[in-house]
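Visitor: Sharing target.cif, mmCIF, C-alpha atoms and all ligand atoms:
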```cif
data_input
loop_
_atom_site.group_PDB
_atom_site.id
_atom_site.type_symbol
_atom_site.label_atom_id
_atom_site.label_comp_id
_atom_site.auth_asym_id
_atom_site.auth_seq_id
_atom_site.Cartn_x
_atom_site.Cartn_y
_atom_site.Cartn_z
ATOM 1 C CA MET A 22 13.151 44.165 12.275
ATOM 2 C CA THR A 23 11.681 47.299 10.678
ATOM 3 C CA GLU A 24 9.920 46.923 7.392
ATOM 4 C CA LYS A 25 11.041 50.194 5.853
ATOM 5 C CA SER A 26 12.902 49.413 2.685
ATOM 6 C CA ILE A 27 16.071 51.452 2.139
ATOM 7 C CA ILE A 28 17.427 49.889 -1.040
ATOM 8 C CA GLN A 29 15.722 47.787 -3.676
ATOM 9 C CA VAL A 30 17.758 45.729 -6.090
ATOM 10 C CA LYS A 31 15.777 44.717 -9.168
ATOM 11 C CA ASN A 32 16.782 41.995 -11.589
ATOM 12 C CA LEU A 33 20.480 42.830 -11.186
ATOM 13 C CA SER A 34 23.003 40.941 -13.299
ATOM 14 C CA LYS A 35 26.750 41.368 -13.543
ATOM 15 C CA ARG A 36 29.021 40.085 -16.237
ATOM 16 C CA TYR A 37 32.694 41.042 -16.534
ATOM 17 C CA ASP A 38 34.514 41.693 -19.801
ATOM 18 C CA ASN A 39 35.763 38.125 -19.878
ATOM 19 C CA ASN A 40 32.055 37.319 -20.322
ATOM 20 C CA ASN A 41 31.561 35.269 -17.184
ATOM 21 C CA GLN A 42 28.120 35.792 -15.677
ATOM 22 C CA ILE A 43 28.822 36.454 -11.971
ATOM 23 C CA LEU A 44 25.395 37.597 -10.709
ATOM 24 C CA GLU A 45 22.142 36.700 -12.360
ATOM 25 C CA GLY A 46 18.699 38.283 -11.857
ATOM 26 C CA ILE A 47 19.154 39.333 -8.231
ATOM 27 C CA ASP A 48 16.038 40.779 -6.548
ATOM 28 C CA LEU A 49 16.624 42.037 -3.047
ATOM 29 C CA GLU A 50 15.400 44.591 -0.542
ATOM 30 C CA ILE A 51 17.476 45.929 2.331
ATOM 31 C CA PHE A 52 15.501 47.239 5.296
ATOM 32 C CA GLU A 53 16.309 50.214 7.486
ATOM 33 C CA SER A 54 18.251 49.619 10.732
ATOM 34 C CA THR A 55 18.908 45.964 9.908
ATOM 35 C CA PHE A 56 22.231 44.129 9.961
ATOM 36 C CA THR A 57 22.421 41.978 6.835
ATOM 37 C CA VAL A 58 25.284 39.575 6.319
ATOM 38 C CA ILE A 59 26.191 38.078 2.946
ATOM 39 C CA MET A 60 27.817 34.644 3.064
ATOM 40 C CA GLY A 61 28.539 31.886 0.578
ATOM 41 C CA PRO A 62 31.365 29.916 -0.993
ATOM 42 C CA SER A 63 34.510 31.581 -2.300
ATOM 43 C CA GLY A 64 33.936 33.036 -5.758
ATOM 44 C CA ALA A 65 30.137 32.941 -5.388
ATOM 45 C CA GLY A 66 29.831 36.674 -6.096
ATOM 46 C CA LYS A 67 29.467 38.135 -2.568
ATOM 47 C CA SER A 68 31.875 41.054 -3.000
ATOM 48 C CA THR A 69 30.572 41.688 -6.507
ATOM 49 C CA LEU A 70 27.035 41.937 -5.090
ATOM 50 C CA LEU A 71 28.174 44.314 -2.347
ATOM 51 C CA GLN A 72 30.035 46.492 -4.839
ATOM 52 C CA ASN A 73 27.067 46.640 -7.182
ATOM 53 C CA ILE A 74 24.546 47.478 -4.444
ATOM 54 C CA SER A 75 26.832 50.093 -2.955
ATOM 55 C CA THR A 76 27.538 51.811 -6.318
ATOM 56 C CA MET A 77 31.244 50.994 -6.144
ATOM 57 C CA ASP A 78 30.645 49.102 -9.395
ATOM 58 C CA GLN A 79 27.951 49.236 -12.077
ATOM 59 C CA PRO A 80 25.744 46.234 -12.845
ATOM 60 C CA THR A 81 25.535 44.998 -16.426
ATOM 61 C CA SER A 82 21.739 45.216 -16.169
ATOM 62 C CA GLY A 83 19.063 45.806 -13.556
ATOM 63 C CA GLN A 84 18.353 48.576 -11.058
ATOM 64 C CA VAL A 85 19.503 49.660 -7.622
ATOM 65 C CA VAL A 86 16.820 51.968 -6.230
ATOM 66 C CA PHE A 87 17.457 54.245 -3.258
ATOM 67 C CA GLU A 88 14.733 56.684 -2.182
ATOM 68 C CA ALA A 89 12.954 56.369 -5.546
ATOM 69 C CA GLN A 90 16.161 57.060 -7.520
ATOM 70 C CA ASP A 91 17.703 54.435 -9.763
ATOM 71 C CA LEU A 92 21.365 54.735 -8.804
ATOM 72 C CA THR A 93 22.499 53.007 -12.000
ATOM 73 C CA LYS A 94 21.222 56.047 -13.948
ATOM 74 C CA LEU A 95 23.052 58.756 -11.972
ATOM 75 C CA SER A 96 25.747 60.891 -13.607
ATOM 76 C CA ASP A 97 29.294 60.461 -12.283
ATOM 77 C CA LYS A 98 28.985 63.714 -10.335
ATOM 78 C CA ALA A 99 25.651 62.779 -8.725
ATOM 79 C CA LEU A 100 26.971 59.311 -7.956
ATOM 80 C CA SER A 101 30.051 60.688 -6.297
ATOM 81 C CA ARG A 102 27.924 62.946 -4.066
ATOM 82 C CA PHE A 103 25.565 60.067 -3.314
ATOM 83 C CA ARG A 104 28.494 57.915 -2.169
ATOM 84 C CA ARG A 105 29.925 60.634 0.061
ATOM 85 C CA LYS A 106 26.606 61.522 1.642
ATOM 86 C CA GLU A 107 24.631 58.323 1.910
ATOM 87 C CA ILE A 108 27.025 55.403 2.219
ATOM 88 C CA GLY A 109 29.988 54.376 4.311
ATOM 89 C CA PHE A 110 32.369 51.608 3.283
ATOM 90 C CA ILE A 111 34.780 49.497 5.298
ATOM 91 C CA PHE A 112 37.318 47.284 3.557
ATOM 92 C CA GLN A 113 39.327 44.300 4.754
ATOM 93 C CA SER A 114 42.534 46.233 4.044
ATOM 94 C CA PHE A 115 41.345 49.441 5.825
ATOM 95 C CA ASN A 116 42.183 51.726 2.830
ATOM 96 C CA LEU A 117 43.370 54.537 5.097
ATOM 97 C CA ILE A 118 45.706 57.281 3.876
ATOM 98 C CA GLU A 119 49.026 56.479 5.523
ATOM 99 C CA HIS A 120 50.529 59.966 5.402
ATOM 100 C CA LEU A 121 47.533 61.570 7.145
ATOM 101 C CA SER A 122 46.894 61.397 10.880
ATOM 102 C CA VAL A 123 44.034 59.434 12.428
ATOM 103 C CA LEU A 124 41.916 62.581 12.789
ATOM 104 C CA GLU A 125 42.693 63.764 9.244
ATOM 105 C CA ASN A 126 41.653 60.390 7.813
ATOM 106 C CA VAL A 127 38.335 60.501 9.662
ATOM 107 C CA CYS A 128 37.626 64.132 8.713
ATOM 108 C CA LEU A 129 38.466 63.842 5.018
ATOM 109 C CA PRO A 130 35.065 62.598 3.704
ATOM 110 C CA GLY A 131 33.384 65.275 5.865
ATOM 111 C CA PHE A 132 35.535 68.023 4.342
ATOM 112 C CA LEU A 133 34.867 66.681 0.834
ATOM 113 C CA LEU A 134 31.078 66.596 1.344
ATOM 114 C CA LYS A 135 31.078 70.233 2.561
ATOM 115 C CA SER A 136 27.659 69.975 4.226
ATOM 116 C CA LYS A 137 29.041 70.954 7.645
ATOM 117 C CA SER A 138 31.656 73.472 8.761
ATOM 118 C CA LYS A 139 35.213 72.238 9.300
ATOM 119 C CA LYS A 140 34.768 72.816 13.011
ATOM 120 C CA GLN A 141 31.647 70.629 13.105
ATOM 121 C CA VAL A 142 33.360 67.877 11.101
ATOM 122 C CA ILE A 143 36.379 67.897 13.433
ATOM 123 C CA GLN A 144 34.134 67.746 16.495
ATOM 124 C CA ARG A 145 32.148 64.816 15.079
ATOM 125 C CA ALA A 146 35.382 63.018 14.162
ATOM 126 C CA LYS A 147 36.696 63.467 17.703
ATOM 127 C CA ASP A 148 33.405 62.212 19.167
ATOM 128 C CA LEU A 149 33.450 59.164 16.897
ATOM 129 C CA LEU A 150 37.075 58.380 17.775
ATOM 130 C CA THR A 151 36.303 58.687 21.488
ATOM 131 C CA GLY A 152 33.316 56.363 21.096
ATOM 132 C CA LEU A 153 35.581 53.853 19.357
ATOM 133 C CA GLY A 154 38.188 54.014 22.128
ATOM 134 C CA LEU A 155 40.647 56.018 20.009
ATOM 135 C CA GLY A 156 40.265 59.443 21.590
ATOM 136 C CA ASP A 157 43.938 59.497 22.580
ATOM 137 C CA HIS A 158 45.133 58.514 19.109
ATOM 138 C CA ALA A 159 43.684 61.404 17.083
ATOM 139 C CA ASN A 160 47.048 62.905 16.193
ATOM 140 C CA GLN A 161 48.882 59.658 15.668
ATOM 141 C CA ALA A 162 50.200 58.457 12.321
ATOM 142 C CA ILE A 163 48.249 55.583 10.787
ATOM 143 C CA ASN A 164 51.296 53.326 10.522
ATOM 144 C CA HIS A 165 51.733 53.446 14.312
ATOM 145 C CA LEU A 166 48.380 51.712 14.857
ATOM 146 C CA SER A 167 47.540 48.027 15.165
ATOM 147 C CA GLY A 168 45.248 46.385 12.592
ATOM 148 C CA GLY A 169 42.293 46.532 14.966
ATOM 149 C CA GLN A 170 42.881 50.219 15.656
ATOM 150 C CA LYS A 171 43.160 50.915 11.927
ATOM 151 C CA GLN A 172 39.831 49.210 11.310
ATOM 152 C CA ARG A 173 38.222 51.268 14.068
ATOM 153 C CA VAL A 174 39.593 54.430 12.411
ATOM 154 C CA ALA A 175 38.047 53.158 9.169
ATOM 155 C CA ILE A 176 34.712 52.730 10.972
ATOM 156 C CA ALA A 177 34.913 56.312 12.282
ATOM 157 C CA ARG A 178 35.739 57.551 8.773
ATOM 158 C CA SER A 179 32.846 55.589 7.270
ATOM 159 C CA LEU A 180 30.408 57.175 9.757
ATOM 160 C CA ILE A 181 31.605 60.780 9.562
ATOM 161 C CA ASN A 182 28.820 61.856 7.176
ATOM 162 C CA GLN A 183 26.110 59.879 9.007
ATOM 163 C CA PRO A 184 25.518 57.539 6.059
ATOM 164 C CA LYS A 185 22.168 55.841 5.580
ATOM 165 C CA ILE A 186 23.926 52.522 4.916
ATOM 166 C CA LEU A 187 27.256 51.132 5.981
ATOM 167 C CA PHE A 188 28.777 48.483 3.706
ATOM 168 C CA ALA A 189 31.584 46.278 4.988
ATOM 169 C CA ASP A 190 33.586 43.748 2.973
ATOM 170 C CA GLU A 191 35.310 41.237 5.278
ATOM 171 C CA PRO A 192 36.039 43.884 7.948
ATOM 172 C CA THR A 193 37.529 41.288 10.306
ATOM 173 C CA GLY A 194 39.373 39.332 7.599
ATOM 174 C CA ALA A 195 42.806 40.808 8.391
ATOM 175 C CA LEU A 196 42.417 40.956 12.179
ATOM 176 C CA ASP A 197 43.303 38.686 15.072
ATOM 177 C CA SER A 198 40.382 37.298 17.048
ATOM 178 C CA THR A 199 40.377 39.932 19.848
ATOM 179 C CA SER A 200 40.577 42.879 17.441
ATOM 180 C CA GLY A 201 37.912 41.253 15.269
ATOM 181 C CA ILE A 202 35.547 41.059 18.242
ATOM 182 C CA GLU A 203 36.186 44.741 19.064
ATOM 183 C CA VAL A 204 35.322 45.726 15.514
ATOM 184 C CA LEU A 205 32.194 43.537 15.556
ATOM 185 C CA ASP A 206 31.155 45.008 18.918
ATOM 186 C CA ASN A 207 31.436 48.488 17.418
ATOM 187 C CA LEU A 208 29.411 47.523 14.368
ATOM 188 C CA THR A 209 26.771 45.875 16.577
ATOM 189 C CA LEU A 210 26.538 48.972 18.771
ATOM 190 C CA ASN A 211 26.075 51.183 15.730
ATOM 191 C CA ASN A 212 23.383 48.862 14.407
ATOM 192 C CA GLN A 213 21.618 48.915 17.776
ATOM 193 C CA ASN A 214 21.646 52.715 17.453
ATOM 194 C CA GLY A 215 19.851 52.421 14.117
ATOM 195 C CA GLN A 216 22.673 52.150 11.568
ATOM 196 C CA THR A 217 21.789 49.947 8.591
ATOM 197 C CA ILE A 218 24.696 47.591 7.839
ATOM 198 C CA VAL A 219 25.370 45.190 4.968
ATOM 199 C CA MET A 220 28.478 43.048 5.472
ATOM 200 C CA VAL A 221 30.202 40.308 3.491
ATOM 201 C CA THR A 222 32.005 37.767 5.646
ATOM 202 C CA HIS A 223 33.356 34.216 5.801
ATOM 203 C CA ASP A 224 33.579 34.453 9.562
ATOM 204 C CA LEU A 225 30.862 32.693 11.598
ATOM 205 C CA LYS A 226 31.549 34.991 14.593
ATOM 206 C CA ALA A 227 30.819 37.976 12.356
ATOM 207 C CA ALA A 228 27.726 36.340 10.857
ATOM 208 C CA LEU A 229 26.263 35.861 14.343
ATOM 209 C CA ARG A 230 25.848 39.649 14.584
ATOM 210 C CA ALA A 231 23.341 39.693 11.723
ATOM 211 C CA ASP A 232 19.573 39.761 11.951
ATOM 212 C CA ARG A 233 19.446 38.505 8.372
ATOM 213 C CA ILE A 234 21.801 36.293 6.406
ATOM 214 C CA LEU A 235 21.797 36.024 2.625
ATOM 215 C CA PHE A 236 23.528 32.963 1.244
ATOM 216 C CA ILE A 237 24.910 33.481 -2.260
ATOM 217 C CA LYS A 238 25.671 30.515 -4.450
ATOM 218 C CA ASP A 239 26.433 30.460 -8.180
ATOM 219 C CA GLY A 240 25.614 34.150 -8.495
ATOM 220 C CA GLN A 241 22.117 33.863 -7.025
ATOM 221 C CA ILE A 242 20.458 34.298 -3.636
ATOM 222 C CA TYR A 243 20.215 30.692 -2.558
ATOM 223 C CA GLY A 244 19.069 31.362 1.009
ATOM 224 C CA ASP A 245 17.623 34.371 2.832
ATOM 225 C CA ARG A 246 16.918 33.963 6.532
ATOM 226 C CA ILE A 247 15.800 36.384 9.250
ATOM 227 C CA PHE A 248 17.191 35.946 12.777
ATOM 228 C CA THR A 249 16.298 37.741 15.985
ATOM 229 C CA PRO A 250 18.544 40.767 16.658
ATOM 230 C CA TYR A 251 21.912 39.903 18.217
ATOM 231 C CA ASP A 252 21.944 39.377 21.957
ATOM 232 C CA ALA A 253 25.325 38.523 23.532
ATOM 233 C CA SER A 254 23.638 36.642 26.383
ATOM 234 C CA GLN A 255 22.086 34.194 23.877
ATOM 235 C CA LEU A 256 25.297 33.513 21.950
ATOM 236 C CA LYS A 257 25.403 29.750 22.303
ATOM 237 C CA ALA A 258 21.847 29.194 21.105
ATOM 238 C CA ARG A 259 22.347 31.633 18.268
ATOM 239 C CA ARG A 260 25.553 29.965 17.130
ATOM 240 C CA SER A 261 23.728 26.601 16.915
ATOM 241 C CA GLU A 262 20.837 28.147 15.019
ATOM 242 C CA VAL A 263 23.019 30.015 12.497
ATOM 243 C CA GLU A 264 25.421 27.088 12.063
ATOM 244 C CA ALA A 265 22.556 24.650 11.426
ATOM 245 C CA TRP A 266 21.075 26.925 8.783
ATOM 246 C CA LEU A 267 24.439 27.524 7.098
ATOM 247 C CA LEU A 268 25.094 23.776 6.976
ATOM 248 C CA GLU A 269 21.679 23.371 5.343
ATOM 249 C CA MET A 270 22.827 25.885 2.746
ATOM 250 C CA GLY A 271 25.917 23.778 2.047
ATOM 251 C CA TRP A 272 28.416 26.053 3.867
HETATM 252 N N1 LIG A 301 37.109 42.771 -11.937
HETATM 253 C C1 LIG A 301 36.873 41.493 -12.256
HETATM 254 N N2 LIG A 301 37.060 41.034 -13.518
HETATM 255 C C2 LIG A 301 36.775 39.758 -13.857
HETATM 256 N N3 LIG A 301 36.306 38.826 -12.986
HETATM 257 C C3 LIG A 301 36.116 39.225 -11.724
HETATM 258 C C4 LIG A 301 36.379 40.568 -11.276
HETATM 259 N N4 LIG A 301 36.068 40.656 -9.962
HETATM 260 C C5 LIG A 301 35.655 39.424 -9.560
HETATM 261 N N5 LIG A 301 35.666 38.582 -10.636
HETATM 262 C C6 LIG A 301 35.252 37.173 -10.613
HETATM 263 O O1 LIG A 301 33.919 37.144 -10.151
HETATM 264 C C7 LIG A 301 33.697 35.995 -9.353
HETATM 265 C C8 LIG A 301 33.078 36.407 -8.047
HETATM 266 O O2 LIG A 301 34.029 37.184 -7.319
HETATM 267 P P1 LIG A 301 33.688 37.804 -5.901
HETATM 268 O O3 LIG A 301 34.926 38.472 -5.410
HETATM 269 O O4 LIG A 301 32.447 38.585 -5.983
HETATM 270 O O5 LIG A 301 33.396 36.472 -5.077
HETATM 271 P P2 LIG A 301 33.296 36.276 -3.519
HETATM 272 O O6 LIG A 301 32.105 35.414 -3.306
HETATM 273 O O7 LIG A 301 33.308 37.590 -2.834
HETATM 274 O O8 LIG A 301 34.615 35.459 -3.263
HETATM 275 P P3 LIG A 301 35.610 35.409 -1.999
HETATM 276 O O9 LIG A 301 34.801 34.840 -0.892
HETATM 277 O O10 LIG A 301 36.672 34.473 -2.448
HETATM 278 O O11 LIG A 301 36.087 36.806 -1.756
HETATM 279 C C9 LIG A 301 35.044 35.285 -9.217
HETATM 280 O O12 LIG A 301 35.095 34.238 -10.156
HETATM 281 C C10 LIG A 301 36.037 36.363 -9.583
HETATM 282 O O13 LIG A 301 37.184 35.818 -10.183
#
```
Translate this file's structure into structure tokens.
Guide:
Amino acid sequence: MTEKSIIQVKNLSKRYDNNNQILEGIDLEIFESTFTVIMGPSGAGKSTLLQNISTMDQPTSGQVVFEAQDLTKLSDKALSRFRRKEIGFIFQSFNLIEHLSVLENVCLPGFLLKSKSKKQVIQRAKDLLTGLGLGDHANQAINHLSGGQKQRVAIARSLINQPKILFADEPTGALDSTSGIEVLDNLTLNNQNGQTIVMVTHDLKAALRADRILFIKDGQIYGDRIFTPYDASQLKARRSEVEAWLLEMGW
């Protein structure tokens, strides 16, 4: 695991309008090229934490620092550019645009960022789709794809602008087991190539891919454990190790 910090979360709290305190005084660092998984009981605040770290939502108090900038202080315009340029996001429900083709979906964030020519964006999109086994589907309509294919399109879209961090909220939650494994294999491969990933999941198979697991309980970080990087040949031993720790956490 590298020790270069990419995001620092300082004393972050989140309270919704109905006044419930969801997250309380979270301090956390995410390190470059790591694969961090966030687990914990339903309603513990996992997605809220992900949304607040990734700037999809604003904390009630505290800081989220990225390259010496406090993201909670950015203007809407700066925040919007930050999101396009520096982060990718994958959702359980894919969030693809149904009336655009596969290729158009993947290219869209690249066209919006405008840091590369259209030709370069299209070429990168095609390369990403090929790498994800979707090279032959570029011109297909989204609604002709399976769930697993849709999630792989979403991965390609999330990577189009070479984000510093990829956030994923239950990316395998709506998939059958085989498609889920394909998506996890793609995420693992990207991580092995240096992509920093932070993923919320309930799925033990997904959690096994992590080199760090945060366990959230009652809006706080209850457990934070480093594991060796994922190695498919050591799956059985890893499963026992992760499962034992999660049981200790009360999973
Ligand atoms: N926009 C919102 N307004 C009010 N309360 C909210 C909002 N979003 C989430 N909550 C509440 O915050 C708490 C934490 O929700 P969150 O989705 O972060 O939990 P989670 O750990 O991801 O749960 P799950 O595993 O069930 O998805 C829950 O009680 C939820 O009802």
Visitor: Residues within 7 Å of A:Met60, please, as a list in words. Count only C-alpha atoms; anything in the same chain fewer than 6 positions from it doesn't count.
Guide: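 Residues meeting the cut-off are Lys67, Val221, Thr222, His223, Leu235, Phe236 and Ile237 of chain A.
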Visitor: Determine, using all atoms listed in the file, which residues of stretch 42-132 of chain A have any atom at most 10 Å from an atom of stretch 200-218 of chain A, and tabulate each with its shortest atom pair and distance in Å to one decimal place, rows ordered by chain and then rising number, as a tab-separated table.
Guide:
```
residue	atom	partner	partner_atom	distance
A:Ile51	CA	A:Thr217	CA	8.6
A:Phe52	CA	A:Thr217	CA	7.6
A:Glu53	CA	A:Thr217	CA	5.6
A:Ser54	CA	A:Thr217	CA	4.1
A:Thr55	CA	A:Thr217	CA	5.1
A:Phe56	CA	A:Ile218	CA	4.8
A:Thr57	CA	A:Ile218	CA	6.1
A:Val58	CA	A:Ile218	CA	8.2
A:Ile108	CA	A:Thr217	CA	9.9
A:Gly109	CA	A:Ile218	CA	9.3
A:Phe110	CA	A:Ile218	CA	9.8
```
Visitor: Around ligand LIG 301 (chain A), fit a box with edges along x, y and z, padding it by 5 Å on each side, then list its centre and edge lengths in Å to one decimal as lines of an AutoDock Vina configuration file.
Guide:
```
center_x = 34.6
center_y = 38.5
center_z = -7.4
size_x = 15.1
size_y = 18.5
size_z = 23.0
```
Visitor: Counting only C-alpha atoms and all ligand atoms, what residues are within 7 Å of ligand LIG 301 (chain A), given as a PyMOL selection string?
Guide: chain A and resi 37-39+43+61-70+223
Visitor: How would you write, as a ChimeraX atom specification, the residues chosen by the PyMOL selection byres (((chain A and resi 260) around 12) and not hetatm) on this structure?
Guide: /A:224-231,248,251-259,261-268
Visitor: Go through A:Lys35, A:Arg178, A:Lys106, A:Lys94 and flag the residue nearest A:Leu71, using all atoms listed in the file for the distances.
Guide: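 Between A:Lys35, A:Arg178, A:Lys106, A:Lys94, the residue approaching A:Leu71 most closely is A:Lys35.
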Visitor: Using only C-alpha atoms, which of the listed residues (A:Lys137, A:Lys171, A:Lys98, A:Arg104) sits closest to A:Ile118?
Guide: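 Comparing A:Lys137, A:Lys171, A:Lys98, A:Arg104 against A:Ile118, the winner is A:Lys171.
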Visitor: Can you tell me, as number ranges by chain, what residues are no more than 10 Å from A:Thr93 when counting all atoms listed in the file, ignoring any on the same chain fewer than 3 positions away?
Guide: A: 73-74, 76, 78-86, 90, 96, 100
Visitor: Would you export the selected residues with C-alpha atoms as a JSON list (two decimals), keeping the file's coordinate frame, please?
Guide:
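Done, and the output landed in out-v7.json:
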```
[["chain", "number", "residue", "atom", "x", "y", "z"],
["A", 73, "ASN", "CA", 27.07, 46.64, -7.18],
["A", 74, "ILE", "CA", 24.55, 47.48, -4.44],
["A", 76, "THR", "CA", 27.54, 51.81, -6.32],
["A", 78, "ASP", "CA", 30.64, 49.10, -9.40],
["A", 79, "GLN", "CA", 27.95, 49.24, -12.08],
["A", 80, "PRO", "CA", 25.74, 46.23, -12.84],
["A", 81, "THR", "CA", 25.54, 45.00, -16.43],
["A", 82, "SER", "CA", 21.74, 45.22, -16.17],
["A", 83, "GLY", "CA", 19.06, 45.81, -13.56],
["A", 84, "GLN", "CA", 18.35, 48.58, -11.06],
["A", 85, "VAL", "CA", 19.50, 49.66, -7.62],
["A", 86, "VAL", "CA", 16.82, 51.97, -6.23],
["A", 90, "GLN", "CA", 16.16, 57.06, -7.52],
["A", 96, "SER", "CA", 25.75, 60.89, -13.61],
["A", 100, "LEU", "CA", 26.97, 59.31, -7.96]]
```
Visitor: Run the PyMOL selection byres (((chain A and resi 119) around 10) and not hetatm) against the file shown and list the residues it catches, as a ChimeraX atom specification.
Guide: /A:116-118,120-123,126,162-165
Visitor: Have a look at A:Ile181, A:Ala89, A:Ser101, A:Lys147 and name the one nearest to A:Met77; count all atoms listed in the file.
Guide: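 Using all atoms listed in the file, the shortest distance to A:Met77 belongs to A:Ser101.
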Visitor: Restricting the calculation to all atoms listed in the file, which member of A:Ala177, A:Leu92, A:Leu196, A:Ile111 is positioned closest to A:Cys128?
Guide: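 Using all atoms listed in the file, A:Cys128 sits closest to A:Ala177.
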Visitor: Could you tell me how far atom CA of A:Asn182 lies from atom CA of A:Gln29, in Å and to one decimal?
Guide: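 Atom-to-atom, atom CA of A:Asn182 and atom CA of A:Gln29 are spaced 22.1 Å apart.
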Visitor: Could you tell me which residues the PyMOL selection byres (((chain A and resi 155) around 12) and not hetatm) returns for this structure, as a ChimeraX atom specification?
Guide: /A:123-124,127,146-154,156-161,163,166-167,169-177
Visitor: I'd like the interatomic distance between atom CA of A:Asn41 and atom CA of A:Phe87, to a tenth of an Å.
Guide: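 Answer for the atom CA of A:Asn41 to atom CA of A:Phe87 separation: 27.4 Å.
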Visitor: Could you tell me how far atom CA of A:Phe188 sits from atom CA of A:Leu129, in Å to one decimal place?
Guide: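 Those two atoms sit 18.2 Å apart.
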Visitor: I need the residue nearest A:Thr249 from this list: A:Asp190, A:Leu133, A:Asp232, A:Leu180. Use all atoms listed in the file for the distance.
Guide: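 That would be A:Asp232, the residue with the smallest distance to A:Thr249.
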Visitor: So which one's closest to A:Tyr243, A:Gln113, A:Ile47, A:Val30, A:Glu24? Using only C-alpha atoms, please.
Guide: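 Of all the options, A:Ile47 lies closest to A:Tyr243.
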